[in-house]
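For reference, the structure is listed below as structure tokens.
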Amino acid sequence: MNATDENGEKDCVFCKVIRGEIPCAKIYEDKKFIVIADVYPASKGQTLVIPKKHETYAFKMQKEEYEEMQSLVYDVARAIDNALKPLRTCEVIEGFAVPHVHARLHPAYEQYLQLQGQKETMDKLEETAGRIKENMPLA
Ligand SMILES: [Zn+2]
């Protein structure tokens, strides 16, 4: 356990989203993962793929769980590409702001990756999330 994980799951923003205590624009959910629109998108359609199990660092995950996450990332990235037609969708995993593993998908509409976003309204997030959701493979 490190300094950024003092409060663990109890006060973790993503655990609160998973428990339904914080509203989100949901794109996909199954037993192990939730996929939501990032509330602070740097570009339209920025999306988070989040394992439900609270783990602070991606490379402390079980390898099998990490591979399952990446398999879902692939489906979500293709859904973003189909729905929003960016040049490409980029993936970033760092997790310094929220110490709960998440893969952040950045649709890039030009050959430049803007990482810092601004807070978006829930209406706009829901609209974009809905378009991506329509392009997800059927479960
Ligand atoms: Zn958490």
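Here, A, B, ... name the chains of the structure tokens in the order displayed, residue numbers run from 1 inside each chain, and ligands are numbered from 1 in the same displayed order.
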Which residues of chain A have any atom within 9 Å of an atom in ligand 1 when counting only C-alpha atoms and all ligand atoms, and what is the closest pair of atoms for each, with the distance in Å to one decimal? Order the rows by chain and rising number and write it as CSV.
```
residue,atom,partner,partner_atom_place_in_ligand_line,distance
A:Gly8,CA,ligand 1,1 (Zn),6.7
A:Glu9,CA,ligand 1,1 (Zn),4.6
A:Lys10,CA,ligand 1,1 (Zn),7.7
A:Asp11,CA,ligand 1,1 (Zn),7.7
A:Cys12,CA,ligand 1,1 (Zn),4.5
A:Val13,CA,ligand 1,1 (Zn),6.5
A:Phe14,CA,ligand 1,1 (Zn),5.0
A:Cys15,CA,ligand 1,1 (Zn),4.0
A:Lys16,CA,ligand 1,1 (Zn),7.4
A:Val17,CA,ligand 1,1 (Zn),8.9
A:Ile18,CA,ligand 1,1 (Zn),8.4
A:Pro51,CA,ligand 1,1 (Zn),8.8
A:Lys52,CA,ligand 1,1 (Zn),7.5
A:Lys53,CA,ligand 1,1 (Zn),7.0
A:His54,CA,ligand 1,1 (Zn),4.2
A:Glu55,CA,ligand 1,1 (Zn),6.6
A:Thr56,CA,ligand 1,1 (Zn),7.5
A:Val98,CA,ligand 1,1 (Zn),8.2
A:Pro99,CA,ligand 1,1 (Zn),7.1
A:His100,CA,ligand 1,1 (Zn),4.7
A:Val101,CA,ligand 1,1 (Zn),7.8
```
Would you save the residues of that selection, restricted to C-alpha atoms, as a short mmCIF file (atom, residue, chain, number, x, y, z; two decimals), in the first residue's frame?
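again-v6.cif, written as the output of this step:
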```cif
data_model
loop_
_atom_site.label_atom_id
_atom_site.label_comp_id
_atom_site.auth_asym_id
_atom_site.auth_seq_id
_atom_site.Cartn_x
_atom_site.Cartn_y
_atom_site.Cartn_z
CA GLY A 8 -8.56 2.48 -0.33
CA GLU A 9 -11.90 1.45 -1.74
CA LYS A 10 -14.05 3.39 0.73
CA ASP A 11 -13.20 6.84 -0.63
CA CYS A 12 -12.17 5.80 -4.14
CA VAL A 13 -14.06 7.77 -6.80
CA PHE A 14 -14.24 4.84 -9.23
CA CYS A 15 -15.40 2.43 -6.51
CA LYS A 16 -18.17 4.94 -5.77
CA VAL A 17 -19.11 5.01 -9.46
CA ILE A 18 -19.13 1.19 -9.51
CA PRO A 51 -11.97 -3.10 -13.58
CA LYS A 52 -14.47 -3.39 -10.72
CA LYS A 53 -11.86 -4.84 -8.38
CA HIS A 54 -10.02 -2.04 -6.58
CA GLU A 55 -6.37 -2.23 -7.58
CA THR A 56 -4.14 0.83 -7.67
CA VAL A 98 -7.48 8.36 -9.46
CA PRO A 99 -5.53 5.47 -7.89
CA HIS A 100 -7.84 2.75 -9.24
CA VAL A 101 -6.73 1.02 -12.43
#
```
Please build the interface table for segment 51-100 of chain A against segment 104-126 of chain A with a cut-off of 6 Å, listing for each qualifying residue the nearest atom pair and the distance in Å to one decimal; count only C-alpha atoms, order rows by chain and increasing number, and write it as JSON lines.
```
{"residue": "A:Pro86", "atom": "CA", "partner": "A:Tyr109", "partner_atom": "CA", "distance": 4.6}
{"residue": "A:Leu87", "atom": "CA", "partner": "A:Tyr109", "partner_atom": "CA", "distance": 5.2}
{"residue": "A:Arg88", "atom": "CA", "partner": "A:Ala108", "partner_atom": "CA", "distance": 5.6}
{"residue": "A:Thr89", "atom": "CA", "partner": "A:Pro107", "partner_atom": "CA", "distance": 4.2}
{"residue": "A:Cys90", "atom": "CA", "partner": "A:His106", "partner_atom": "CA", "distance": 4.9}
{"residue": "A:Glu91", "atom": "CA", "partner": "A:Leu105", "partner_atom": "CA", "distance": 4.6}
{"residue": "A:Val92", "atom": "CA", "partner": "A:Arg104", "partner_atom": "CA", "distance": 5.2}
```
Keeping only N, CA, C and O atoms, write the selected residues as a PDB file, in the first residue's frame.
```
ATOM      1  N   PRO A  86     -12.667   9.176 -35.278  1.00  0.00           N
ATOM      2  CA  PRO A  86     -11.419   9.918 -35.051  1.00  0.00           C
ATOM      3  C   PRO A  86     -10.342   9.377 -36.013  1.00  0.00           C
ATOM      4  O   PRO A  86     -10.564   8.349 -36.665  1.00  0.00           O
ATOM      5  N   LEU A  87      -9.192  10.067 -36.086  1.00  0.00           N
ATOM      6  CA  LEU A  87      -8.074   9.529 -36.871  1.00  0.00           C
ATOM      7  C   LEU A  87      -7.674   8.170 -36.312  1.00  0.00           C
ATOM      8  O   LEU A  87      -7.424   7.227 -37.040  1.00  0.00           O
ATOM      9  N   ARG A  88      -7.574   8.123 -34.991  1.00  0.00           N
ATOM     10  CA  ARG A  88      -7.347   6.875 -34.279  1.00  0.00           C
ATOM     11  C   ARG A  88      -7.724   7.073 -32.820  1.00  0.00           C
ATOM     12  O   ARG A  88      -7.873   8.195 -32.356  1.00  0.00           O
ATOM     13  N   THR A  89      -7.873   5.973 -32.107  1.00  0.00           N
ATOM     14  CA  THR A  89      -8.130   6.048 -30.667  1.00  0.00           C
ATOM     15  C   THR A  89      -6.878   5.566 -29.947  1.00  0.00           C
ATOM     16  O   THR A  89      -6.346   4.503 -30.257  1.00  0.00           O
ATOM     17  N   CYS A  90      -6.397   6.393 -29.013  1.00  0.00           N
ATOM     18  CA  CYS A  90      -5.165   6.089 -28.280  1.00  0.00           C
ATOM     19  C   CYS A  90      -5.522   5.612 -26.867  1.00  0.00           C
ATOM     20  O   CYS A  90      -6.561   5.972 -26.329  1.00  0.00           O
ATOM     21  N   GLU A  91      -4.638   4.822 -26.300  1.00  0.00           N
ATOM     22  CA  GLU A  91      -4.860   4.307 -24.950  1.00  0.00           C
ATOM     23  C   GLU A  91      -3.763   4.791 -24.017  1.00  0.00           C
ATOM     24  O   GLU A  91      -2.587   4.735 -24.367  1.00  0.00           O
ATOM     25  N   VAL A  92      -4.163   5.268 -22.852  1.00  0.00           N
ATOM     26  CA  VAL A  92      -3.212   5.680 -21.829  1.00  0.00           C
ATOM     27  C   VAL A  92      -3.590   5.001 -20.521  1.00  0.00           C
ATOM     28  O   VAL A  92      -4.747   5.011 -20.127  1.00  0.00           O
TER      29      VAL A  92
END
```
### Message
One decimal, in Å: what's the spacing between atom CA of Ile93 of chain A and atom CA of Cys24 of chain A?
### Response
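Atom CA of Cys24 of chain A lies 20.0 Å from atom CA of Ile93 of chain A.
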### Query
In terms of the shortest atom-to-atom distance over only C-alpha atoms, which of A:Ile27, A:Ala103, A:Ala42, A:Ile36 is closest to Tyr74 of chain A?
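Of A:Ile27, A:Ala103, A:Ala42, A:Ile36, the one nearest Tyr74 of chain A, counting only C-alpha atoms, is A:Ala103.
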Can you list, as a PDB file with all heavy atoms, in the first residue's frame, every protein, DNA or RNA residue that comes within 8 Å of Ala83 of chain A when you count only C-alpha atoms, leaving out same-chain residues fewer than 3 positions away?
```
ATOM      1  N   ALA A  79     -15.419   0.453 -31.134  1.00  0.00           N
ATOM      2  CA  ALA A  79     -16.738   1.085 -31.078  1.00  0.00           C
ATOM      3  C   ALA A  79     -16.604   2.608 -31.184  1.00  0.00           C
ATOM      4  O   ALA A  79     -17.384   3.274 -31.871  1.00  0.00           O
ATOM      5  CB  ALA A  79     -17.455   0.694 -29.785  1.00  0.00           C
ATOM      6  N   ILE A  80     -15.594   3.181 -30.498  1.00  0.00           N
ATOM      7  CA  ILE A  80     -15.344   4.632 -30.587  1.00  0.00           C
ATOM      8  C   ILE A  80     -15.001   4.998 -32.035  1.00  0.00           C
ATOM      9  O   ILE A  80     -15.539   5.966 -32.592  1.00  0.00           O
ATOM     10  CB  ILE A  80     -14.206   5.054 -29.632  1.00  0.00           C
ATOM     11  CG1 ILE A  80     -14.644   4.914 -28.170  1.00  0.00           C
ATOM     12  CG2 ILE A  80     -13.765   6.494 -29.928  1.00  0.00           C
ATOM     13  CD1 ILE A  80     -13.505   5.065 -27.171  1.00  0.00           C
ATOM     14  N   ARG A 131     -23.851   6.875 -28.431  1.00  0.00           N
ATOM     15  CA  ARG A 131     -23.358   6.576 -29.782  1.00  0.00           C
ATOM     16  C   ARG A 131     -22.305   5.468 -29.747  1.00  0.00           C
ATOM     17  O   ARG A 131     -22.270   4.600 -30.622  1.00  0.00           O
ATOM     18  CB  ARG A 131     -22.781   7.841 -30.420  1.00  0.00           C
ATOM     19  CG  ARG A 131     -23.867   8.840 -30.804  1.00  0.00           C
ATOM     20  CD  ARG A 131     -23.304  10.142 -31.314  1.00  0.00           C
ATOM     21  NE  ARG A 131     -22.520   9.965 -32.540  1.00  0.00           N
ATOM     22  CZ  ARG A 131     -21.772  10.928 -33.080  1.00  0.00           C
ATOM     23  NH1 ARG A 131     -21.703  12.113 -32.497  1.00  0.00           N
ATOM     24  NH2 ARG A 131     -21.093  10.701 -34.184  1.00  0.00           N
ATOM     25  N   ILE A 132     -21.435   5.499 -28.752  1.00  0.00           N
ATOM     26  CA  ILE A 132     -20.402   4.451 -28.633  1.00  0.00           C
ATOM     27  C   ILE A 132     -21.068   3.116 -28.282  1.00  0.00           C
ATOM     28  O   ILE A 132     -20.749   2.071 -28.854  1.00  0.00           O
ATOM     29  CB  ILE A 132     -19.350   4.843 -27.567  1.00  0.00           C
ATOM     30  CG1 ILE A 132     -18.629   6.128 -27.985  1.00  0.00           C
ATOM     31  CG2 ILE A 132     -18.343   3.707 -27.345  1.00  0.00           C
ATOM     32  CD1 ILE A 132     -17.783   6.757 -26.898  1.00  0.00           C
ATOM     33  N   GLU A 134     -23.975   2.005 -28.993  1.00  0.00           N
ATOM     34  CA  GLU A 134     -24.614   1.408 -30.170  1.00  0.00           C
ATOM     35  C   GLU A 134     -23.630   0.613 -31.019  1.00  0.00           C
ATOM     36  O   GLU A 134     -24.045  -0.241 -31.798  1.00  0.00           O
ATOM     37  CB  GLU A 134     -25.231   2.505 -31.054  1.00  0.00           C
ATOM     38  CG  GLU A 134     -26.488   3.127 -30.498  1.00  0.00           C
ATOM     39  CD  GLU A 134     -26.910   4.359 -31.293  1.00  0.00           C
ATOM     40  OE1 GLU A 134     -26.332   4.630 -32.365  1.00  0.00           O
ATOM     41  OE2 GLU A 134     -27.832   5.052 -30.823  1.00  0.00           O
ATOM     42  N   ASN A 135     -22.345   0.941 -30.901  1.00  0.00           N
ATOM     43  CA  ASN A 135     -21.329   0.289 -31.724  1.00  0.00           C
ATOM     44  C   ASN A 135     -20.560  -0.806 -30.994  1.00  0.00           C
ATOM     45  O   ASN A 135     -19.620  -1.392 -31.557  1.00  0.00           O
ATOM     46  CB  ASN A 135     -20.351   1.340 -32.266  1.00  0.00           C
ATOM     47  CG  ASN A 135     -20.964   2.131 -33.404  1.00  0.00           C
ATOM     48  OD1 ASN A 135     -20.921   1.713 -34.541  1.00  0.00           O
ATOM     49  ND2 ASN A 135     -21.590   3.250 -33.078  1.00  0.00           N
TER      50      ASN A 135
END
```
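Taking atom CA of Ala97 of chain A and atom CA of Lys32 of chain A as endpoints, the distance between them is 21.8 Å.
Distance annotation: of A:Lys31, A:Lys60, A:His102, A:Lys26, the residue with the minimal separation from Lys133 of chain A is A:Lys26; atom set is only C-alpha atoms.
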Just list as a CSV table (one decimal) with all heavy atoms, in the first residue's frame whatever in segment 2-127 of chain A DSSP marks as strand (DSSP E).
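Writing done, so here's result26.csv:
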```
chain,number,residue,atom,x,y,z
A,26,LYS,N,-22.8,5.6,-18.7
A,26,LYS,CA,-22.3,4.2,-18.8
A,26,LYS,C,-22.4,3.7,-20.3
A,26,LYS,O,-23.4,3.9,-20.9
A,26,LYS,CB,-23.1,3.3,-17.9
A,26,LYS,CG,-22.5,1.9,-17.7
A,26,LYS,CD,-23.4,1.0,-16.9
A,26,LYS,CE,-23.7,1.5,-15.5
A,26,LYS,NZ,-24.7,0.6,-14.8
A,27,ILE,N,-21.3,3.1,-20.7
A,27,ILE,CA,-21.3,2.6,-22.1
A,27,ILE,C,-21.4,1.0,-22.1
A,27,ILE,O,-22.1,0.5,-22.9
A,27,ILE,CB,-20.0,3.0,-22.8
A,27,ILE,CG1,-20.0,4.5,-23.0
A,27,ILE,CG2,-19.8,2.2,-24.1
A,27,ILE,CD1,-18.6,5.1,-23.2
A,28,TYR,N,-20.9,0.4,-21.0
A,28,TYR,CA,-20.9,-1.0,-20.9
A,28,TYR,C,-20.6,-1.4,-19.5
A,28,TYR,O,-20.0,-0.7,-18.8
A,28,TYR,CB,-19.8,-1.6,-21.8
A,28,TYR,CG,-19.6,-3.1,-21.7
A,28,TYR,CD1,-20.4,-4.0,-22.5
A,28,TYR,CD2,-18.7,-3.7,-20.9
A,28,TYR,CE1,-20.2,-5.3,-22.4
A,28,TYR,CE2,-18.5,-5.0,-20.7
A,28,TYR,CZ,-19.3,-5.9,-21.5
A,28,TYR,OH,-19.1,-7.2,-21.4
A,29,GLU,N,-21.2,-2.6,-19.1
A,29,GLU,CA,-20.9,-3.1,-17.8
A,29,GLU,C,-21.1,-4.6,-17.8
A,29,GLU,O,-22.0,-5.2,-18.4
A,29,GLU,CB,-21.9,-2.5,-16.8
A,29,GLU,CG,-21.6,-3.0,-15.3
A,29,GLU,CD,-22.4,-2.3,-14.3
A,29,GLU,OE1,-23.4,-1.6,-14.6
A,29,GLU,OE2,-22.1,-2.4,-13.1
A,33,PHE,N,-16.1,-5.5,-15.2
A,33,PHE,CA,-15.7,-4.2,-15.7
A,33,PHE,C,-16.9,-3.3,-15.9
A,33,PHE,O,-18.0,-3.7,-16.1
A,33,PHE,CB,-15.0,-4.3,-17.1
A,33,PHE,CG,-13.7,-5.2,-17.0
A,33,PHE,CD1,-13.8,-6.6,-17.4
A,33,PHE,CD2,-12.5,-4.7,-16.7
A,33,PHE,CE1,-12.7,-7.4,-17.3
A,33,PHE,CE2,-11.4,-5.5,-16.6
A,33,PHE,CZ,-11.5,-6.8,-16.9
A,34,ILE,N,-16.5,-2.0,-15.8
A,34,ILE,CA,-17.5,-0.9,-16.2
A,34,ILE,C,-16.8,0.0,-17.2
A,34,ILE,O,-15.6,0.3,-17.1
A,34,ILE,CB,-18.0,-0.2,-15.0
A,34,ILE,CG1,-19.2,0.7,-15.3
A,34,ILE,CG2,-17.0,0.5,-14.2
A,34,ILE,CD1,-20.0,1.3,-14.1
A,35,VAL,N,-17.5,0.5,-18.2
A,35,VAL,CA,-17.0,1.4,-19.2
A,35,VAL,C,-17.8,2.6,-19.2
A,35,VAL,O,-19.1,2.6,-19.3
A,35,VAL,CB,-17.0,0.8,-20.6
A,35,VAL,CG1,-16.4,1.8,-21.6
A,35,VAL,CG2,-16.2,-0.5,-20.6
A,36,ILE,N,-17.2,3.8,-18.9
A,36,ILE,CA,-17.9,5.0,-18.7
A,36,ILE,C,-17.3,6.2,-19.5
A,36,ILE,O,-16.1,6.1,-19.8
A,36,ILE,CB,-18.1,5.5,-17.3
A,36,ILE,CG1,-16.7,5.8,-16.7
A,36,ILE,CG2,-18.8,4.4,-16.4
A,36,ILE,CD1,-16.7,6.4,-15.3
A,37,ALA,N,-18.1,7.2,-19.8
A,37,ALA,CA,-17.5,8.4,-20.4
A,37,ALA,C,-16.7,9.1,-19.4
A,37,ALA,O,-17.2,9.3,-18.3
A,37,ALA,CB,-18.7,9.3,-21.0
A,47,THR,N,-13.0,7.9,-23.0
A,47,THR,CA,-13.7,6.8,-22.3
A,47,THR,C,-12.8,6.1,-21.4
A,47,THR,O,-11.6,5.9,-21.6
A,47,THR,CB,-14.3,5.8,-23.4
A,47,THR,OG1,-15.2,6.5,-24.2
A,47,THR,CG2,-15.0,4.6,-22.8
A,48,LEU,N,-13.4,5.6,-20.3
A,48,LEU,CA,-12.6,4.9,-19.3
A,48,LEU,C,-13.1,3.4,-19.2
A,48,LEU,O,-14.3,3.2,-19.0
A,48,LEU,CB,-12.8,5.5,-17.9
A,48,LEU,CG,-12.4,7.0,-17.8
A,48,LEU,CD1,-12.8,7.5,-16.4
A,48,LEU,CD2,-11.0,7.3,-18.1
A,49,VAL,N,-12.1,2.5,-19.2
A,49,VAL,CA,-12.4,1.1,-19.0
A,49,VAL,C,-11.9,0.8,-17.6
A,49,VAL,O,-10.6,0.9,-17.4
A,49,VAL,CB,-11.8,0.2,-20.1
A,49,VAL,CG1,-12.0,-1.3,-19.8
A,49,VAL,CG2,-12.3,0.6,-21.5
A,50,ILE,N,-12.8,0.4,-16.7
A,50,ILE,CA,-12.4,0.3,-15.3
A,50,ILE,C,-12.7,-1.1,-14.8
A,50,ILE,O,-13.9,-1.5,-14.8
A,50,ILE,CB,-13.2,1.3,-14.5
A,50,ILE,CG1,-13.0,2.7,-15.0
A,50,ILE,CG2,-12.7,1.3,-13.0
A,50,ILE,CD1,-13.9,3.8,-14.4
A,51,PRO,N,-11.7,-1.8,-14.3
A,51,PRO,CA,-12.0,-3.1,-13.6
A,51,PRO,C,-12.7,-2.8,-12.3
A,51,PRO,O,-12.4,-1.8,-11.6
A,51,PRO,CB,-10.6,-3.7,-13.3
A,51,PRO,CG,-9.6,-2.8,-13.9
A,51,PRO,CD,-10.2,-1.5,-14.2
A,88,ARG,N,-7.6,8.1,-35.0
A,88,ARG,CA,-7.3,6.9,-34.3
A,88,ARG,C,-7.7,7.1,-32.8
A,88,ARG,O,-7.9,8.2,-32.4
A,88,ARG,CB,-5.9,6.4,-34.4
A,88,ARG,CG,-4.9,7.4,-33.9
A,88,ARG,CD,-3.5,6.8,-33.9
A,88,ARG,NE,-3.1,6.5,-35.3
A,88,ARG,CZ,-1.9,5.9,-35.7
A,88,ARG,NH1,-1.0,5.7,-34.7
A,88,ARG,NH2,-1.6,5.7,-36.9
A,89,THR,N,-7.9,6.0,-32.1
A,89,THR,CA,-8.1,6.0,-30.7
A,89,THR,C,-6.9,5.6,-29.9
A,89,THR,O,-6.3,4.5,-30.3
A,89,THR,CB,-9.4,5.2,-30.3
A,89,THR,OG1,-10.5,5.8,-30.9
A,89,THR,CG2,-9.5,5.1,-28.8
A,90,CYS,N,-6.4,6.4,-29.0
A,90,CYS,CA,-5.2,6.1,-28.3
A,90,CYS,C,-5.5,5.6,-26.9
A,90,CYS,O,-6.6,6.0,-26.3
A,90,CYS,CB,-4.3,7.3,-28.2
A,90,CYS,SG,-4.0,8.1,-29.8
A,91,GLU,N,-4.6,4.8,-26.3
A,91,GLU,CA,-4.9,4.3,-25.0
A,91,GLU,C,-3.8,4.8,-24.0
A,91,GLU,O,-2.6,4.7,-24.4
A,91,GLU,CB,-4.9,2.8,-25.0
A,91,GLU,CG,-5.0,2.2,-23.6
A,91,GLU,CD,-5.0,0.6,-23.6
A,91,GLU,OE1,-4.6,0.1,-24.6
A,91,GLU,OE2,-5.2,0.0,-22.5
A,92,VAL,N,-4.2,5.3,-22.9
A,92,VAL,CA,-3.2,5.7,-21.8
A,92,VAL,C,-3.6,5.0,-20.5
A,92,VAL,O,-4.7,5.0,-20.1
A,92,VAL,CB,-3.2,7.2,-21.6
A,92,VAL,CG1,-2.3,7.6,-20.5
A,92,VAL,CG2,-2.8,7.9,-22.9
A,103,ALA,N,-8.0,2.1,-17.9
A,103,ALA,CA,-7.5,2.4,-19.3
A,103,ALA,C,-8.3,3.6,-19.8
A,103,ALA,O,-9.5,3.5,-19.9
A,103,ALA,CB,-7.6,1.2,-20.2
A,104,ARG,N,-7.6,4.6,-20.2
A,104,ARG,CA,-8.3,5.8,-20.7
A,104,ARG,C,-8.1,5.9,-22.2
A,104,ARG,O,-7.0,5.8,-22.7
A,104,ARG,CB,-7.6,7.1,-20.1
A,104,ARG,CG,-8.6,8.2,-19.8
A,104,ARG,CD,-8.0,9.3,-19.0
A,104,ARG,NE,-6.7,9.7,-19.5
A,104,ARG,CZ,-5.6,9.8,-18.9
A,104,ARG,NH1,-5.5,9.6,-17.6
A,104,ARG,NH2,-4.5,10.2,-19.5
A,105,LEU,N,-9.2,5.9,-22.9
A,105,LEU,CA,-9.2,5.9,-24.4
A,105,LEU,C,-9.4,7.3,-24.9
A,105,LEU,O,-10.4,7.9,-24.6
A,105,LEU,CB,-10.2,4.9,-24.9
A,105,LEU,CG,-10.0,3.5,-24.5
A,105,LEU,CD1,-11.1,2.6,-25.1
A,105,LEU,CD2,-8.6,3.0,-24.9
A,106,HIS,N,-8.4,7.7,-25.7
A,106,HIS,CA,-8.5,9.1,-26.2
A,106,HIS,C,-8.7,9.1,-27.7
A,106,HIS,O,-7.8,8.8,-28.5
A,106,HIS,CB,-7.1,9.8,-26.0
A,106,HIS,CG,-6.8,10.1,-24.5
A,106,HIS,ND1,-7.1,11.3,-23.9
A,106,HIS,CD2,-6.2,9.3,-23.6
A,106,HIS,CE1,-6.7,11.3,-22.7
A,106,HIS,NE2,-6.1,10.1,-22.4
A,107,PRO,N,-9.9,9.4,-28.1
A,107,PRO,CA,-10.1,9.6,-29.6
A,107,PRO,C,-9.3,10.8,-30.0
A,107,PRO,O,-9.4,11.9,-29.4
A,107,PRO,CB,-11.6,9.8,-29.7
A,107,PRO,CG,-12.2,9.4,-28.4
A,107,PRO,CD,-11.2,9.6,-27.4
A,108,ALA,N,-8.4,10.6,-31.0
A,108,ALA,CA,-7.6,11.8,-31.5
A,108,ALA,C,-8.1,12.1,-32.9
A,108,ALA,O,-8.2,11.3,-33.8
A,108,ALA,CB,-6.1,11.4,-31.6
```
### Message
Can you tell me, as a PyMOL selection string, which residues in segment 12-121 of chain A count as helix (DSSP H, G or I) by DSSP?
### Response
chain A and resi 13-18+58-60+63-84
### Message
As an exercise, work out the distance from atom CA of Ser71 of chain A to atom CA of Leu138 of chain A in Å and give it to one decimal place.
### Response
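Computing the Euclidean distance for atom CA of Ser71 of chain A and atom CA of Leu138 of chain A yields 14.3 Å.
For the choices A:Gly20, A:Ala129, A:Gly95, A:Pro137, the atom-to-atom distance to Phe59 of chain A is smallest for A:Gly95 when using only C-alpha atoms.
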